[in-house]
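This is start_37.cif. It holds mmCIF, C-alpha atoms.
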```
data_structure
#
loop_
_atom_site.label_atom_id
_atom_site.label_comp_id
_atom_site.auth_asym_id
_atom_site.auth_seq_id
_atom_site.Cartn_x
_atom_site.Cartn_y
_atom_site.Cartn_z
CA MET C 978 -35.34 12.66 60.48
CA ARG C 979 -32.64 13.44 57.96
CA ALA C 980 -33.56 14.87 54.58
CA TRP C 981 -32.60 11.85 52.49
CA GLY C 982 -34.16 13.03 49.23
CA GLY C 983 -30.97 14.13 47.44
CA ASN C 984 -29.12 10.94 48.31
CA ARG C 985 -32.05 8.78 47.23
CA VAL C 986 -32.31 10.57 43.87
CA GLN C 987 -28.61 10.01 43.27
CA GLU C 988 -28.96 6.33 44.19
CA ALA C 989 -31.91 5.88 41.84
CA VAL C 990 -30.10 7.54 38.92
CA GLU C 991 -26.96 5.51 39.49
CA GLY C 992 -28.99 2.30 39.41
CA CYS C 993 -30.78 3.39 36.23
CA VAL C 994 -27.55 4.21 34.40
CA ALA C 995 -25.82 1.04 35.58
CA VAL C 996 -28.45 -1.29 34.16
CA LEU C 997 -28.98 0.63 30.91
CA ARG C 998 -25.26 0.88 30.28
CA THR C 999 -25.22 -2.88 29.72
CA ALA C 1000 -27.29 -2.36 26.56
CA VAL C 1001 -25.81 0.78 24.98
CA ASP C 1002 -24.94 -1.16 21.84
CA ARG C 1003 -28.63 -1.89 21.15
CA ASP C 1004 -30.95 0.25 18.99
CA TRP C 1005 -33.20 1.79 21.63
CA THR C 1006 -35.38 3.48 19.01
CA ALA C 1007 -36.46 0.12 17.61
CA VAL C 1008 -37.79 -1.32 20.88
CA ARG C 1009 -40.93 -0.31 22.74
CA ALA C 1010 -40.48 0.40 26.48
CA GLY C 1011 -42.60 -2.14 28.32
CA ARG C 1012 -46.30 -1.26 28.16
CA LEU C 1013 -45.65 2.31 27.00
CA GLU C 1014 -46.24 3.72 23.53
CA TRP C 1015 -42.76 5.29 23.63
CA ASN C 1016 -39.66 3.48 22.47
CA CYS C 1017 -36.77 2.94 24.85
CA HIS C 1018 -34.83 5.96 23.59
CA GLU C 1019 -37.83 8.29 24.04
CA THR C 1020 -38.43 6.90 27.52
CA ALA C 1021 -34.81 7.37 28.58
CA PHE C 1022 -34.87 10.96 27.37
CA HIS C 1023 -38.13 11.47 29.26
CA ILE C 1024 -36.31 10.54 32.49
CA ALA C 1025 -33.81 13.33 31.87
CA GLU C 1026 -36.62 15.77 31.01
CA ASP C 1027 -38.40 15.03 34.27
CA LEU C 1028 -35.27 15.38 36.38
CA ILE C 1029 -34.31 18.77 34.97
CA ALA C 1030 -37.91 20.06 35.04
CA TYR C 1031 -38.25 19.18 38.71
CA ALA C 1032 -34.87 20.73 39.48
CA ALA C 1033 -35.87 23.91 37.64
CA ASN C 1034 -39.22 24.28 39.42
CA LEU C 1035 -37.68 23.72 42.83
CA ALA C 1036 -34.64 25.94 42.23
CA GLY C 1037 -36.72 28.66 40.56
CA ARG C 1038 -39.46 28.51 43.23
CA ALA C 1039 -42.05 28.24 40.44
CA GLN C 1040 -45.58 28.81 41.78
CA ASP C 1041 -48.04 28.69 38.88
CA ALA C 1042 -46.54 26.54 36.13
CA TYR C 1043 -43.43 24.71 35.03
CA VAL C 1044 -40.41 26.88 34.23
CA PRO C 1045 -40.86 27.46 30.46
CA PHE C 1046 -37.98 25.65 28.78
CA ASP C 1047 -37.13 22.33 27.16
CA ILE C 1048 -33.93 20.35 26.72
CA THR C 1049 -32.82 18.69 23.50
CA LEU C 1050 -30.10 16.27 22.54
CA ASP C 1051 -27.39 17.27 20.10
CA GLU C 1052 -27.78 15.62 16.74
CA GLY C 1053 -26.02 12.29 16.68
CA THR C 1054 -26.06 11.72 20.44
CA ASP C 1055 -25.71 7.98 21.04
CA ASN C 1056 -26.99 5.91 23.93
CA THR C 1057 -23.85 6.53 25.96
CA GLY C 1058 -24.36 10.27 25.55
CA LEU C 1059 -28.00 9.95 26.55
CA LEU C 1060 -26.98 8.20 29.77
CA GLN C 1061 -24.57 11.06 30.45
CA VAL C 1062 -27.51 13.45 30.14
CA ILE C 1063 -29.48 11.38 32.67
CA GLU C 1064 -26.50 11.39 35.04
CA THR C 1065 -26.08 15.13 34.69
CA THR C 1066 -29.73 16.08 35.14
CA GLY C 1067 -29.90 13.68 38.08
CA ALA C 1068 -26.89 15.34 39.72
CA LEU C 1069 -28.41 18.79 39.23
CA PHE C 1070 -31.70 17.62 40.71
CA ALA C 1071 -30.03 15.98 43.72
CA ALA C 1072 -27.99 19.13 44.38
CA THR C 1073 -31.13 21.27 44.17
CA ILE C 1074 -32.91 19.10 46.74
CA ARG C 1075 -29.94 19.22 49.12
CA THR C 1076 -29.71 23.03 48.98
CA THR C 1077 -33.43 23.89 49.07
CA PRO C 1078 -34.76 25.00 52.48
CA ARG C 1079 -37.34 22.73 54.04
CA GLU C 1080 -40.22 25.22 53.87
CA VAL C 1081 -39.92 25.93 50.14
CA ARG C 1082 -42.78 24.62 48.02
CA ALA C 1083 -42.88 24.81 44.25
CA PHE C 1084 -45.41 24.10 41.54
CA HIS C 1085 -46.57 20.66 40.62
CA PRO C 1086 -50.10 20.24 39.25
CA TYR C 1087 -51.22 17.20 41.22
CA PRO C 1088 -53.02 17.10 43.53
CA PHE C 1089 -52.64 20.39 45.42
CA ARG C 1090 -50.44 22.36 42.98
CA SER C 1091 -47.28 22.27 45.07
CA ALA C 1092 -44.66 20.01 46.62
CA ASN C 1093 -41.74 20.43 49.01
CA ARG C 1094 -38.22 19.16 48.43
CA GLU C 1095 -38.98 15.64 49.69
CA GLY C 1096 -42.09 15.50 47.53
CA PHE C 1097 -40.09 16.50 44.47
CA ALA C 1098 -37.45 13.94 45.36
CA ALA C 1099 -40.06 11.21 45.61
CA MET C 1100 -41.64 12.22 42.28
CA GLY C 1101 -38.25 12.19 40.57
CA ILE C 1102 -37.37 8.80 42.01
CA ALA C 1103 -40.76 7.45 40.95
CA GLU C 1104 -40.09 8.55 37.36
CA VAL C 1105 -36.63 7.00 37.37
CA LEU C 1106 -37.76 3.68 38.86
CA ALA C 1107 -40.87 3.32 36.72
CA HIS C 1108 -39.24 4.20 33.42
CA THR C 1109 -36.04 2.27 34.05
CA HIS C 1110 -38.33 -0.70 34.62
CA ASP C 1111 -40.11 0.05 31.33
CA ILE C 1112 -36.86 0.29 29.36
CA ALA C 1113 -35.37 -2.79 31.01
CA GLN C 1114 -38.52 -4.73 30.22
CA GLY C 1115 -38.33 -3.68 26.58
CA LEU C 1116 -34.65 -4.58 26.28
CA GLY C 1117 -34.98 -7.81 28.26
CA LEU C 1118 -32.76 -6.64 31.13
CA ALA C 1119 -33.08 -7.63 34.78
CA TYR C 1120 -33.81 -4.64 37.02
CA GLU C 1121 -34.83 -4.30 40.65
CA PRO C 1122 -33.78 -1.27 42.70
CA PRO C 1123 -32.88 -1.41 46.40
CA ALA C 1124 -36.07 -1.69 48.47
CA VAL C 1125 -35.36 1.61 50.21
CA LEU C 1126 -36.09 3.51 46.97
CA PRO C 1127 -39.67 2.32 46.29
CA GLU C 1128 -40.30 2.54 50.04
CA PHE C 1129 -39.24 6.21 49.98
CA VAL C 1130 -41.65 6.87 47.11
CA LEU C 1131 -44.56 4.97 48.65
CA THR C 1132 -44.29 6.57 52.10
CA HIS C 1133 -43.94 10.11 50.71
CA ILE C 1134 -46.32 10.37 47.74
CA PHE C 1135 -48.47 7.20 47.82
CA PRO C 1136 -50.04 7.54 51.28
CA HIS C 1137 -53.33 6.27 49.86
CA VAL C 1138 -51.76 2.93 48.84
CA GLN C 1139 -51.69 0.20 51.47
CA PRO C 1140 -48.12 -1.06 51.83
CA GLY C 1141 -47.49 -4.63 50.76
CA PRO C 1142 -44.90 -7.15 51.91
CA ASP C 1143 -42.61 -6.14 49.03
CA HIS C 1144 -42.02 -2.43 48.34
CA TRP C 1145 -40.93 -2.90 44.74
CA ARG C 1146 -43.90 -5.08 43.76
CA THR C 1147 -46.24 -2.69 45.55
CA PHE C 1148 -44.76 0.25 43.63
CA LEU C 1149 -45.12 -1.57 40.31
CA TRP C 1150 -48.74 -2.42 41.13
CA ALA C 1151 -49.50 1.15 42.25
CA THR C 1152 -48.16 2.54 38.96
CA GLY C 1153 -50.03 0.06 36.77
CA ARG C 1154 -46.99 -2.07 36.00
CA GLY C 1155 -47.65 -5.26 37.90
CA ASP C 1156 -50.06 -7.37 39.90
CA LEU C 1157 -50.49 -7.98 43.61
CA PRO C 1158 -52.42 -10.93 45.01
CA GLY C 1159 -55.83 -9.85 46.26
CA ARG C 1160 -55.73 -6.42 44.61
CA ALA C 1161 -57.43 -5.34 41.41
CA PRO C 1162 -55.16 -4.17 38.59
CA VAL C 1163 -54.45 -0.44 38.51
CA THR C 1164 -55.42 1.24 35.24
CA GLU C 1165 -55.25 4.89 36.34
CA TRP C 1166 -53.00 6.27 39.05
CA ARG C 1167 -51.65 9.45 40.58
CA TRP C 1168 -49.23 10.17 43.35
CA HIS C 1169 -50.37 12.33 46.23
CA ASN C 1170 -48.20 15.14 47.63
CA ASN C 1171 -49.05 16.34 51.12
CA LEU C 1172 -51.80 18.88 51.66
CA VAL C 1173 -50.84 22.31 53.05
CA ILE C 1174 -53.55 24.60 54.48
CA PRO C 1175 -52.80 28.28 55.22
CA ALA C 1176 -53.88 29.35 58.69
CA GLY C 1177 -52.95 32.96 59.46
CA ARG C 1178 -49.59 32.91 61.18
CA LEU C 1179 -49.31 29.18 60.55
CA THR C 1180 -49.49 26.59 57.84
CA LEU C 1181 -50.97 23.15 58.43
CA GLN C 1182 -48.64 20.71 56.71
CA GLY C 1183 -49.88 17.18 56.10
CA ILE C 1184 -47.73 14.53 57.76
CA THR C 1185 -46.72 11.72 55.40
CA PRO C 1186 -46.42 8.08 56.47
CA ALA C 1187 -42.63 8.51 56.34
CA SER C 1188 -42.83 11.44 58.78
CA ALA C 1189 -45.38 9.67 60.96
CA ARG C 1190 -43.13 6.64 61.33
CA ASP C 1191 -40.21 8.84 62.33
CA LEU C 1192 -42.33 10.69 64.90
CA VAL C 1193 -43.55 7.42 66.39
CA MET C 1194 -39.94 6.28 66.73
CA GLY C 1195 -39.00 9.45 68.62
CA GLY C 1196 -37.71 11.54 65.70
CA ASP C 1197 -38.73 14.97 64.50
CA GLY C 1198 -40.67 13.80 61.44
CA GLY C 1199 -38.58 16.10 59.27
CA PHE C 1200 -39.83 19.26 61.02
CA ASP C 1201 -37.89 21.88 62.94
CA TRP C 1202 -39.70 21.92 66.30
CA ILE C 1203 -39.65 24.62 68.92
CA GLU C 1204 -38.46 23.70 72.40
CA GLY C 1205 -40.67 21.04 73.94
CA GLY C 1206 -42.02 19.72 70.65
CA PRO C 1207 -43.40 17.55 69.37
CA PHE C 1208 -45.78 17.00 72.25
CA ASP C 1209 -46.97 13.50 73.16
CA GLY C 1210 -50.33 13.90 71.45
CA THR C 1211 -48.71 14.51 68.06
CA ARG C 1212 -46.66 11.34 68.36
CA GLU C 1213 -49.72 9.37 69.47
CA ALA C 1214 -51.84 10.72 66.60
CA SER C 1215 -49.04 9.85 64.18
CA GLY C 1216 -49.14 6.30 65.50
CA PHE C 1217 -52.87 6.03 64.84
CA MET C 1218 -52.38 7.45 61.36
CA LEU C 1219 -49.59 4.98 60.67
CA LYS C 1220 -51.81 2.06 61.69
CA ALA C 1221 -54.53 3.31 59.34
CA TYR C 1222 -51.99 3.57 56.52
CA GLU C 1223 -50.67 0.08 57.12
CA GLY C 1224 -54.24 -1.23 57.22
CA GLY C 1225 -55.21 0.46 53.96
CA LEU C 1226 -57.70 2.78 55.69
CA HIS C 1227 -55.77 6.06 55.55
CA ARG C 1228 -57.15 9.00 53.59
CA PRO C 1229 -54.35 11.58 53.42
CA GLU C 1230 -56.61 14.64 53.69
CA PHE C 1231 -58.01 13.29 56.96
CA GLY C 1232 -54.72 12.58 58.61
CA VAL C 1233 -52.44 14.59 60.90
CA PHE C 1234 -50.96 18.04 60.23
CA ALA C 1235 -47.96 19.75 61.73
CA LEU C 1236 -48.62 23.36 62.72
CA VAL C 1237 -45.72 25.38 61.34
CA ARG C 1238 -45.08 29.06 62.00
CA ARG C 1239 -44.69 31.14 58.87
CA GLU C 1240 -42.22 33.55 60.46
CA ASP C 1241 -39.48 31.00 61.13
CA GLY C 1242 -40.63 27.64 59.72
CA ARG C 1243 -40.69 26.01 63.14
CA ALA C 1244 -43.37 23.50 64.13
CA VAL C 1245 -45.34 24.37 67.25
CA GLY C 1246 -47.87 21.53 67.46
CA GLY C 1247 -50.07 19.04 65.69
CA MET C 1248 -53.72 18.91 64.63
CA GLY C 1249 -55.78 16.50 62.64
CA PHE C 1250 -58.59 14.05 62.28
CA HIS C 1251 -59.13 10.78 64.10
CA GLY C 1252 -60.05 9.20 60.79
CA ARG C 1253 -62.19 9.71 57.74
CA PRO C 1254 -65.75 11.10 58.08
CA ASP C 1255 -68.43 8.56 58.90
CA GLU C 1256 -71.54 7.94 56.78
CA GLU C 1257 -73.28 10.93 58.35
CA GLY C 1258 -70.39 13.24 57.51
CA ARG C 1259 -69.10 13.48 61.09
CA ALA C 1260 -65.36 13.76 61.69
CA GLU C 1261 -63.47 14.05 64.97
CA ILE C 1262 -60.63 16.54 65.46
CA GLY C 1263 -57.80 16.55 67.97
CA TYR C 1264 -54.80 18.80 68.54
CA ASP C 1265 -51.96 19.72 70.86
CA LEU C 1266 -49.24 22.34 71.15
CA ALA C 1267 -45.77 22.29 72.59
CA GLU C 1268 -45.97 23.90 76.02
CA THR C 1269 -43.78 26.83 74.96
CA ALA C 1270 -46.24 27.68 72.15
CA ARG C 1271 -49.38 27.84 74.25
CA GLY C 1272 -51.25 31.03 75.00
CA ASN C 1273 -50.58 32.62 71.60
CA GLY C 1274 -53.81 31.74 69.80
CA TYR C 1275 -52.13 29.27 67.44
CA ALA C 1276 -54.55 26.41 68.10
CA THR C 1277 -57.58 28.61 67.49
CA GLU C 1278 -56.22 29.90 64.17
CA ALA C 1279 -55.37 26.40 63.03
CA LEU C 1280 -58.73 24.95 64.10
CA ARG C 1281 -60.65 27.65 62.25
CA ALA C 1282 -58.62 27.03 59.08
CA LEU C 1283 -59.00 23.25 59.28
CA SER C 1284 -62.74 23.60 59.90
CA ASP C 1285 -63.15 25.91 56.91
CA TRP C 1286 -61.23 23.45 54.74
CA ALA C 1287 -63.35 20.52 55.92
CA PHE C 1288 -66.67 22.30 55.38
CA ALA C 1289 -65.66 23.23 51.85
CA ARG C 1290 -65.94 19.52 51.05
CA ASP C 1291 -69.14 17.63 50.33
CA ASP C 1292 -68.40 14.74 52.68
CA VAL C 1293 -68.09 16.68 55.97
CA HIS C 1294 -71.15 18.08 57.75
CA THR C 1295 -70.17 18.01 61.42
CA LEU C 1296 -66.89 18.33 63.29
CA PHE C 1297 -66.61 17.30 66.91
CA ALA C 1298 -64.03 17.17 69.66
CA THR C 1299 -64.01 15.47 73.07
CA ILE C 1300 -62.12 17.35 75.76
CA ASP C 1301 -61.24 16.45 79.34
CA ARG C 1302 -63.28 18.27 81.96
CA ALA C 1303 -60.18 19.79 83.52
CA ASN C 1304 -58.70 21.01 80.23
CA HIS C 1305 -60.16 24.51 80.30
CA PRO C 1306 -57.65 26.04 77.82
CA SER C 1307 -58.61 23.46 75.19
CA GLN C 1308 -62.30 24.07 75.84
CA ALA C 1309 -61.65 27.77 75.26
CA VAL C 1310 -59.92 26.98 71.95
CA VAL C 1311 -62.89 25.10 70.46
CA THR C 1312 -65.32 27.71 71.80
CA ARG C 1313 -63.40 30.55 70.15
CA ALA C 1314 -63.37 28.52 66.92
CA GLY C 1315 -67.18 28.36 66.96
CA PHE C 1316 -67.79 24.91 68.50
CA ARG C 1317 -70.61 24.48 71.02
CA GLN C 1318 -70.84 22.02 73.86
CA VAL C 1319 -73.47 19.38 73.12
CA SER C 1320 -73.00 16.80 75.86
CA GLU C 1321 -70.86 15.55 78.71
CA ASP C 1322 -70.07 12.16 80.21
CA GLU C 1323 -67.29 10.36 82.03
CA GLU C 1324 -65.01 10.78 79.01
CA GLY C 1325 -65.32 14.56 79.11
CA LEU C 1326 -67.15 17.32 77.30
CA ALA C 1327 -68.30 16.93 73.69
CA PHE C 1328 -68.20 19.96 71.37
CA GLU C 1329 -69.62 20.22 67.85
CA LEU C 1330 -69.42 22.54 64.90
CA ARG C 1331 -71.97 22.08 62.11
CA ARG C 1332 -71.88 23.34 58.56
#
```
Mind converting the file's structure to structure tokens?
Amino acid sequence: MRAWGGNRVQEAVEGCVAVLRTAVDRDWTAVRAGRLEWNCHETAFHIAEDLIAYAANLAGRAQDAYVPFDITLDEGTDNTGLLQVIETTGALFAATIRTTPREVRAFHPYPFRSANREGFAAMGIAEVLAHTHDIAQGLGLAYEPPAVLPEFVLTHIFPHVQPGPDHWRTFLWATGRGDLPGRAPVTEWRWHNNLVIPAGRLTLQGITPASARDLVMGGDGGFDWIEGGPFDGTREASGFMLKAYEGGLHRPEFGVFALVRREDGRAVGGMGFHGRPDEEGRAEIGYDLAETARGNGYATEALRALSDWAFARDDVHTLFATIDRANHPSQAVVTRAGFRQVSEDEEGLAFELRR
């Protein structure tokens, strides 16, 4: 799976500038931008502010807050100059994404206080698409980006939103800018970067719908896998997760995680939930490792970390796993992680861990 983020940012910015350039002779300060309280000039400048802020946080590896600076326009800057600022900040942001290593995460407040390069790319594109739409609406301009751009945003940072038949209309609905048949209007919204859970020598990195689709199709999901990875179970779990996403049932925190080694950033396996907890707070866990990663204690470390994360929530009371009778190494993993065998049947042995 290629890292498309930089190219997609550039494409979004080019589309924004192209449509707004047709109205540079208008007074953007006198027209409100769509449903926003800002005028079109303020909204266009906000696009540039977002692009450079995201570039700065990613380039500066910010961890606790935004890099403390602002940009301003020179006095007398006209609309053409403002578009040049958007082009320039967009180019800087795209270059930052292209040159940032995959494992780097930088500060963003929602929802887990960090994002990787693809997450930042998706957030930047979302800002460009949404606010270009707002400005175009205010100025009476026709604007619809290529479908690949809202699809990139939706599959990276809107995993909680069921995809619709039209990516652009789904994006507008998800950001409170349009309607979709059969869905209630959106009045409050947030995007959702992937969850990352520290686990000793590993990190558990939430797999997005974009990554899941690539894994199902035989790709790497955007991860650098060790030899023999990803194993079949990770691809199968990604397929189940993708079906839940397409059916509007996916809860990102209860999806699939790639197990990534801290020492070299390489993925060694997958672990995750078979779905959201049931009404009794029970959730099923599954996992696998590439054959070359087995015997190192990785699965046990990851399972302990995922269990601790789950039990820190109010909606999880019991974790369970069903393991084949002949799979003694996997039985040893859950036992070392504190699970106890509670039953057995033709399907295998059932293990539970209670809060």
> Near region 1141-1145 of chain C, counting only C-alpha atoms, which residues have an atom at most 12 Å away, once you skip same-chain residues fewer than 3 positions from it, shown as a PyMOL selection string?
Replying inline: chain C and resi 1103+1106-1107+1110+1120-1132+1135+1138+1148-1152+1154-1160+1222-1225
Would you give the centre and edge lengths, in Å to one decimal, of a box along x, y and z around the listed atoms of region 983-1001 of chain C, with 6 Å added to each side, as lines of an AutoDock Vina configuration file?
```
center_x = -28.8
center_y = 5.6
center_z = 36.6
size_x = 19.1
size_y = 29.0
size_z = 35.3
```
>> Selection in question (the file shown): the PyMOL selection byres ((chain C and resi 996-1011) around 12). Which residues does it include, as a count of residues only?
In response: 50
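Of the residues under consideration (C:Ala1187, C:Ala1282, C:Leu1172, C:Ala1068), C:Leu1172 shows the shortest atom-to-atom contact distance to Glu1230 (chain C) when counting only C-alpha atoms.
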> Got a sec to resolve the PyMOL selection byres ((chain C and resi 1267) around 10) on this structure and send the residues as a list of chain:residue names?
Replying inline: C:Trp1202, C:Ile1203, C:Glu1204, C:Gly1205, C:Gly1206, C:Pro1207, C:Phe1208, C:Asp1209, C:Gly1210, C:Thr1211, C:Ala1244, C:Val1245, C:Gly1246, C:Gly1247, C:Asp1265, C:Leu1266, C:Glu1268, C:Thr1269, C:Ala1270, C:Arg1271
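Computed from the coordinates, the CA of Ala1042 (chain C) to CA of Ala1176 (chain C) distance equals 23.9 Å.
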Here's the selection I'm unsure about, the PyMOL selection byres ((chain C and resi 1300) around 7); applied to the file above, which residues does it give, as a PDB file with C-alpha atoms, keeping the file's coordinate frame?
```
ATOM      1  CA  ALA C1298     -64.030  17.170  69.660  1.00  0.00           C
ATOM      2  CA  THR C1299     -64.010  15.470  73.070  1.00  0.00           C
ATOM      3  CA  ASP C1301     -61.240  16.450  79.340  1.00  0.00           C
ATOM      4  CA  ARG C1302     -63.280  18.270  81.960  1.00  0.00           C
ATOM      5  CA  ASN C1304     -58.700  21.010  80.230  1.00  0.00           C
ATOM      6  CA  GLN C1308     -62.300  24.070  75.840  1.00  0.00           C
ATOM      7  CA  GLY C1325     -65.320  14.560  79.110  1.00  0.00           C
ATOM      8  CA  LEU C1326     -67.150  17.320  77.300  1.00  0.00           C
ATOM      9  CA  ALA C1327     -68.300  16.930  73.690  1.00  0.00           C
TER      10      ALA C1327
END
```
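Neighbouring residues of Leu1226 (chain C) at 12 Å or closer, counting all atoms listed in the file and skipping chain neighbours under 3 positions away, are Pro1136, His1137, Val1138, Gln1139, Pro1140, Phe1217, Met1218, Leu1219, Lys1220, Ala1221, Tyr1222, Glu1223, Pro1229, Phe1231, Gly1232, His1251, Gly1252, Arg1253 and Pro1254 of chain C.
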>> Please compute the CA of Arg1079 (chain C)-CA of Ser1284 (chain C) distance, one decimal, in Å.
In response: 26.1 Å
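Near Arg1331 (chain C), within a cut-off of 9 Å and counting all atoms listed in the file, sit the residues Phe1288, His1294, Thr1295, Leu1296, Phe1297 and Phe1316 of chain C, with same-chain residues fewer than 4 positions away left out.
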Could you take the residues named above and write them with C-alpha atoms, as a CSV table (one decimal), keeping the file's coordinate frame?
```csv
chain,number,residue,atom,x,y,z
C,1288,PHE,CA,-66.7,22.3,55.4
C,1294,HIS,CA,-71.2,18.1,57.8
C,1295,THR,CA,-70.2,18.0,61.4
C,1296,LEU,CA,-66.9,18.3,63.3
C,1297,PHE,CA,-66.6,17.3,66.9
C,1316,PHE,CA,-67.8,24.9,68.5
```
> C:Gln1040, C:Thr1147, C:Thr1164, C:Thr1277: which is nearest Met1248 (chain C), counting all atoms listed in the file?
Replying inline: C:Thr1277
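With CA of Glu1165 (chain C) on one side and CA of Arg1146 (chain C) on the other, the separation reads 16.8 Å.
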>> Give me, as a PyMOL selection string, all polymer residues having an atom no more than 8 Å from Asn1093 (chain C), counting all atoms listed in the file and skipping those fewer than 5 positions away in the same chain.
In response: chain C and resi 1079-1083
> Which polymer residues have any atom within 12 Å of an atom of Asp1041 (chain C), counting all atoms listed in the file, with same-chain residues fewer than 3 positions away left out, as a VMD selection string?
Replying inline: chain C and resid 1034 1037 to 1038 1044 to 1045 1082 to 1086 1089 to 1091
> Can you find the residues with an atom no farther than 10 Å from (-67.4, 27.6, 68.1), counting all atoms listed in the file, and report them as a PyMOL selection string?
Replying inline: chain C and resi 1277+1280-1281+1308-1318+1328-1331
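Of the listed residues (C:Arg1228, C:Gly1198, C:Arg1332, C:Ala1025), C:Ala1025 comes nearest to Thr1049 (chain C); the distances count only C-alpha atoms.
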